[in-house]
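**Student:** Pasting a structure here, questions to come.
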Amino acid sequence: MTLQVLAFALAALLMLGGAAVVALTKDLMRLVVGLGVFLLGVAGLFLYYGHAFLATAQVFVYVGGVLVLVVFAVMVVHRASGGRPIVASRHDIGAAAVAFGVSGMLVMSLRGSVGGWLPAPGASGASIAEELLGGHLVAFESLGVLLLVALVAVLVIIGSGERR
Amino acid sequence: MSAFGSNPWLAVAVPFIVAVVIAALGRRATAVTQWVAVLGPITASLVGLAGLQGSVASSSVPWLTQGSASIDAGVAVDGLSAIMLVVVGVVATMVVVFSVGYLEHDGAKARYFSLLALFTAAMSLLVMSTNLVTLFIGWELVGACSYLLIGFWYHKPSAASAAMKAFLTTRVGDVGMLLGLALLWKTTGSLDIATITGAAPGLTAATATAAALLLFMGAAGKSAQFPLHIWLPDAMEGPTPVSALIHAATMVAAGVFLIARMWPLFEVSEAARAVVLWVGTFTALFAATIACVQSDIKKVLAYSTISQLGFMFAALGAGAWGAAMFHLVTHAAFKALLFLGSGSVIHGTGTQDIREMGGLARQMPVTTLTWVVGATALAGIPPLAGFFSKDAVLAGVLHAVPAAGAVLLGASLLTAFYAFRVTRVAFFGQSRAETAAHESPLSMTAPLVVLAALAAVLGFFGGSITHALGLEAEGLEAAVAGASVLAAVIGIVVGIVLYAGDLERAEVLKGRFQRVHRLAFGGWGVDALVQRTIVAPAGAIAGWVYRVLDRTVIDGGVEGIGAGAQFAGKIASRLQSGETDVYASLVAVGFIVVMGIVLWAGR
Amino acid sequence: MTVLVLCAVVFGIGMYTVLTRREIVAILAGVELMLGSANVLFIALASFSGADAGVAGAIGLVILVIAAAEAAVGLSLVVTISRRSKRSSIDELTEVNG
C-alpha cells in the first residue's frame with residue numbers, strides 16, 4: 001500500500017514538475033527537458049495502472065522519438081533565428097484564469113467517476129494485441145494509414161520548404 | 001422458374017437495379033443499355049408467370065417498428081398480382097423494344113430507359129405489396145415516373161405543364177387515399193392488406209363506406225375517372241410508348257387493381273359500390289362521346305382509355321370484379337397495341353392529326369394490319385379479346401343494375417364508332433399528307449405483331465384469368481353477347497360510312513351541330529370549369545399570398561434577419577483580432593460555460 | 001480523486017502554456033501536456049469503471065499514436081516555417097490570414 005502510494009506520488013511529481021518547467025521556463029532547451037520529465041511521469045502512471053505495454057510504448061514513442069524531434073526542431077529554429085529566442089509571454093492573468101477554470105470544470109464534471117486508490121489489474125501487451133488485431137482491426141489499420149499519411153505529410157511539408 | 005417463384009422481390013429489385021445501372025452508365029452506353037432495360041420487365045413477367053403456377057413464396061421484413069405497432073414491408077404474389085405482373089411485364093417489354101426504334105434519334109435515351117425500368121420496379125412493388133404502406137409507396141413512385149415521363153420533353157412548355165397537371169390532379173385523389181389509409185389504420189389497427197380485408201366484414205357500414213370511398217378517390221385519380229380525368233388527355237404530351245405503357249395499360253389500371261385488391265372492403269359497403277358503378281358508367285359514356293370528335297389520334301386513344309377504365313369501374317361497382325380484371329388484361333393488350341400503333345404512325349408521318357393522314361394502309365401495311373386488329377378488339381367484335389371481356393363486363397353490370405348496363409351498351413356503340421372513325425380516316429381512303437409516310441423499323445413492328453396476337457387470342461383465356469383470381473368463370477350469355485355485337489357493328493358501320501370519301505359528310509354534320517361539337521371537342525367544358533372554379537381562385541389566393549405574406553411578411557422578415565446578422569457581424573468582427581491565443585481562450589471559455597450548464601442542469 | 005486533480009491541473013498547465021507562449025515549439029509542448037494528461041486520465045477512469053482493460057489499453061495506444069503523429073507534423077511545420085521565413089513566433093505567421 002505504502003509502496004503503491006509512493007510510486008504514484010513519484011509519477012505524479014514527475015508529471016507536475018515537468019509540466020511546471022514547460023510552462024514557466026524561458027529557455028527552450030530546458031522546456032524540452034521538462035517535457036521529457038513529464039512524459040516519463042505519464043509512462044509511470046500508465047505503469048501504475050497496470051498498462052505496462054502502454055508505458056513502454058510511451059517511452060519509446062515519446063521519449064525516444066518525439067523528444068528527439070523536438071530537440072532537432074529547437075536546434076534548427078535556433079540556428080535559423082540566430083541565437084536562443086526569448087520566450088515571451090503575455091495575457092498571463094487571463095490565460096491563467098481560463099486554464100484554472102478548465103481544470104476546475106474537469107474536476108467538477110468527473111469527480112463522480114473516480115474511485116479509491118487501488119488500481120484495477122491492467123492489460124498485458126497480449127490482450128491489447130488481441131483487441132487491436134481482433135475486434136478493432138479496422139480501427140487499427142486506419143490508424144496505421146493515418147500514421148503513414150502523417151509521415152508523407154511531413155516529407156511533403158519539409159520537401160516543399162526545400163524547393164523554394 | 002423456381003428461382004423467380006421463391007424470390008418474388010426480384011420483380012422489384014431487378015428493374016430497380018437496371019434503372020440505376022442505365023442511369024449510371026449515362027448516354028454514351030445507351031446503345032447497349034437500352035436493351036438491358038428489357039431485363040426488368042422480363043423478370044417481372046417471369047415472377048408473374050411463376051405466380052400463375054401457384055409457386056410463389058411470400059417474403060417480408062419487419063419495417064417501421066414504432067412501439068407496439070409495426071409495419072412489415074412484404075411482397076407476395078397471389079392470382080391478382082400475378083396477372084398484373086404479367087400484364088406489366090409483357091407490355092413493358094414490348095414498349096421497351098418499341099422505344100428502341102421510336103427514340104432512335106433522341107439524345108436523352110439513358111434517362112428515358114432508366115425511368116421505364118424504374119416504373120416497372122414501382123409497378124411491381126405496387127401490385128405485390130402485402131401492405132398498404134408499401135403499396136402506397138409504389139403508387140406514388142409510378143405517379144412520379146409518370147410525371148417525369150410525361151415531361152420527358154420538358155423543353156416543350158406544353159409537356160412540362162401537362163406533367164404538372166397530371167401530378168397535381170392525381171395528387172387530389174391521393175390525398176383521399178391517404179385519408180382512407182389513416183381511417184383504416186385507426187379502425188383496424190393495421191395496414192396489412194390481409195388483416196384489413198379480414199376485418200372488413202366487422203366494420204360498421206359508415207366506416208366501411210367512408211374508407212372505401214376515400215380509397216376510390218385515389219383510384220379515380222390514378223385511373224382518370226370523372227371528374228379527375230382531365231390530366232390523362234394532356235398526358236399525351238409524353239412520348240407515345242410511355243402513353244402505351246403508363247397511360248393505357250398499367251398505371252391507370254392501378255386504380256382498378258386497388259379496388260380489386262381491397263374488394264372485401266367494398267363488398268361491405270353497398271353505397272360505395274353504387275358510387276363506383278355510376279362514376280364508372282358515367283365516365284365510360286362521357287369519355288366515349290369526347291373520343292368521337294377528337295382529331296388528334298392520341299387524344300382519341302386517351303379518351304378511349306378513360307372510357308374503357310370507366311367500363312372496368314362499372315364492373316367493379318356491379319360486383320363483377322373478375323370481369324373488371326379480365327377487361328383490364330385484354331384492354332392492356334389492345335390499348336397498348338393501339339398506342340404503339342399510333343406511335344408507329346406518328347413516327348412514319350410526323351403528325352398526330354388524323355385529318356392529315358389517310359391512306360396509310362399502302363405505306364404502312366404492318367402497322368395498319370395490327371391497328372385494325374386492335375381497333376376491332378376495342379370495338380368488341382368476336383373472336384377478338386375485347387369482345388369477351390367487354391361482354392363479361394356488360395353481363396355483370398346488366399345483372400346488377402340494368403340501367404347502367406344500357407348506358408354501357410350505348411358507350412360501347414360509341415366505342416366502335418370512334419375506333420373505326422380513326423381507322424377509316426387515318427389508314428384508308430386518299431392520302432392527305434404532303435410527304436409520303438414510311439413503315440417503321442422492325443424493333444417497332446415486332447412488338448405490334450406480338451401485341452396484336454395477344455389482342456386476338458387473349459379473350460379465350462377469360463376462364464383461366466377468373467380462375468386465377470379464385471372466382472367462378474361464367475359462360476357467355478347469348479342475349480348480352482348479341483346486343484353488344486349488334487351495338488359494335490352499328491358503330492363500325494356508321495363510322496366507316498360517315499367518314500367514307502373525303503370527310504365531306506362529317507364536315508356537314510359538324511357544321512350543323514357546331515356548338516355541340518365544340519363543347520364535346522373541349523371535353524364538355526370540364527377542363528374550363530376546373531380552370532374557372534379551382535385553378536383561377538387558387539391562382540388568385542396564391543397571388544394574394546405572394547403579395548402580402550411573401551413580400552411583406554416573409555421577405556421583410558428575412559431581410560430583417562439579414563440586416564441583423566450584418567449588424568451583429570460588424571460587432572463580432574472586432575473579436576477577430578488575429579491573435580490565436582485569444583481564439584483558443586474563447587474555445588476554453590466555451591468549454592467551461594457548456595460544462596457549467598451541463599453540471600447545473602444535471603443537478 | 002488524486003489522479004483526477006493531478007490530471008486536471010496538468011491539463012490546465014498545458015492550456016496555460018498554449019495560451020501564453022508565442023514560440024511554436026512551446027505551444028506544441030503545451031499541447032503534448034494536455035494530450036498526455038488526458039490519456040492518463042482516460043486510463044485511470046477505465047480502471048475505476050471496471051471496463052475491459054484490453055480495450056482501454058488499445059484506445060490509449062491509439063491516442064498516444066495520434067498524438068505522436070500530430071507532434072511530428074507540427075514540428076515539421078515549425079522547421080519548414082523557420083527555414084522559409086526565419087521566424088518561429090506564432091504572431092508573425094500572418095501569411096494565410098483571411
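The chains in the C-alpha cells are called A, B, ... from first to last as shown; in each chain the residues are counted from 1, and the ligands are counted from 1 in the order shown.
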List every residue of region 31-248 of chain B that DSSP, applied to the backbone of this structure, places in strand (DSSP E), and write the result as a PDB file with C-alpha atoms, in the first residue's frame.
**Tutor:**
ATOM      1  CA  SER B  59     -41.241 -12.685 -48.271  1.00  0.00           C
ATOM      2  CA  SER B  60     -41.419  -9.859 -45.804  1.00  0.00           C
ATOM      3  CA  VAL B  61     -39.161  -7.991 -43.464  1.00  0.00           C
ATOM      4  CA  PRO B  62     -40.214  -6.025 -40.400  1.00  0.00           C
ATOM      5  CA  TRP B  63     -40.060  -2.354 -41.099  1.00  0.00           C
ATOM      6  CA  LEU B  64     -41.075   0.850 -39.393  1.00  0.00           C
ATOM      7  CA  THR B  65     -41.463  -0.606 -35.939  1.00  0.00           C
ATOM      8  CA  GLN B  66     -42.912   2.066 -33.680  1.00  0.00           C
ATOM      9  CA  ALA B  69     -47.193  -1.094 -33.914  1.00  0.00           C
ATOM     10  CA  SER B  70     -45.088  -2.347 -36.741  1.00  0.00           C
ATOM     11  CA  ILE B  71     -45.419  -2.370 -40.474  1.00  0.00           C
ATOM     12  CA  ASP B  72     -43.927  -5.210 -42.434  1.00  0.00           C
ATOM     13  CA  ALA B  73     -42.570  -4.477 -45.868  1.00  0.00           C
ATOM     14  CA  GLY B  74     -43.582  -7.571 -47.721  1.00  0.00           C
ATOM     15  CA  VAL B  75     -44.233  -8.852 -51.166  1.00  0.00           C
TER      16      VAL B  75
END
**Student:** Within 12 Å of chain B, which residues of chain A come that close, and what is the closest atom pair and distance in Å for each? Count only C-alpha atoms and give it as a Markdown table.
**Tutor:**
| residue | atom | partner | partner_atom | distance |
| --- | --- | --- | --- | --- |
| A:Ser89 | CA | B:Asp581 | CA | 10.7 |
| A:Arg90 | CA | B:Asp581 | CA | 9.7 |
| A:His91 | CA | B:Asp581 | CA | 8.8 |
| A:Asp92 | CA | B:Asp581 | CA | 10.9 |
| A:Ile93 | CA | B:Ser585 | CA | 11.9 |
| A:Gly94 | CA | B:Ser585 | CA | 8.6 |
| A:Ala95 | CA | B:Ser585 | CA | 7.1 |
| A:Ala96 | CA | B:Ser585 | CA | 10.2 |
| A:Ala97 | CA | B:Val589 | CA | 9.8 |
| A:Val98 | CA | B:Val589 | CA | 6.6 |
| A:Ala99 | CA | B:Ala588 | CA | 7.8 |
| A:Phe100 | CA | B:Ile592 | CA | 10.1 |
| A:Gly101 | CA | B:Ile592 | CA | 6.6 |
| A:Val102 | CA | B:Ile592 | CA | 5.9 |
| A:Ser103 | CA | B:Ile592 | CA | 9.2 |
| A:Gly104 | CA | B:Ile592 | CA | 8.8 |
| A:Met105 | CA | B:Ile592 | CA | 6.3 |
| A:Leu106 | CA | B:Met595 | CA | 8.5 |
| A:Val107 | CA | B:Met595 | CA | 10.9 |
| A:Met108 | CA | B:Leu599 | CA | 8.1 |
| A:Ser109 | CA | B:Leu599 | CA | 6.8 |
| A:Leu110 | CA | B:Leu599 | CA | 10.2 |
| A:Arg111 | CA | B:Leu599 | CA | 11.4 |
| A:Gly112 | CA | B:Leu599 | CA | 11.6 |
**Student:** Should the cut-off be 7 Å, what would the residue list for chain C against chain A look like, counting only C-alpha atoms, as a PyMOL selection string?
**Tutor:** chain C and resi 1+4-6+8-13+15-17+19-23+29+33+36+40+44-45+47-48+53-55+57-58+61+68-69+71-73+75-77+79-80+82-84+86-88
**Student:** Measure the distance from CA of Leu25 (chain B) to CA of Thr250 (chain B) in Å and round it to one decimal.
**Tutor:**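 Going from CA of Leu25 (chain B) over to CA of Thr250 (chain B) covers 27.3 Å.
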**Student:** CA of Val38 (chain B) and CA of Phe119 (chain B) are how many Å apart?
**Tutor:** 12.4 Å
**Student:** With a distance cut-off of 12 Å and only C-alpha atoms, select the neighbouring residues of Glu504 (chain B), excluding the residue or stretch itself and same-chain residues fewer than 6 positions from it, and output the selection as a PyMOL selection string.
**Tutor:** chain B and resi 355+425+497-498+510-511
**Student:** I'd like the contact shell of Ala406 (chain B) - 12 Å cut-off, only C-alpha atoms, skipping same-chain residues fewer than 4 positions apart - returned as a list in words.
**Tutor:**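 The residues that qualify are Thr281, Phe282, Ala284, Leu285, Ala314, Val393, Leu394, Ala395, Gly396, Val397, Leu398, His399, Ala400, Val401, Pro402, Gly410, Ala411, Ser412, Leu413, Val480, Ala483, Ser484 and Ala487 of chain B.
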**Student:** Pick the closest to chain B from C:Val31, C:Ala38, C:Gly60, C:Ser49: which is it, counting only C-alpha atoms?
**Tutor:** C:Val31
**Student:** DSSP says alpha helix (DSSP H) for which residues of region 7-97 of chain C? Put them as an MDAnalysis selection string?
**Tutor:** chainID C and resid 7:20 24:49 53:85
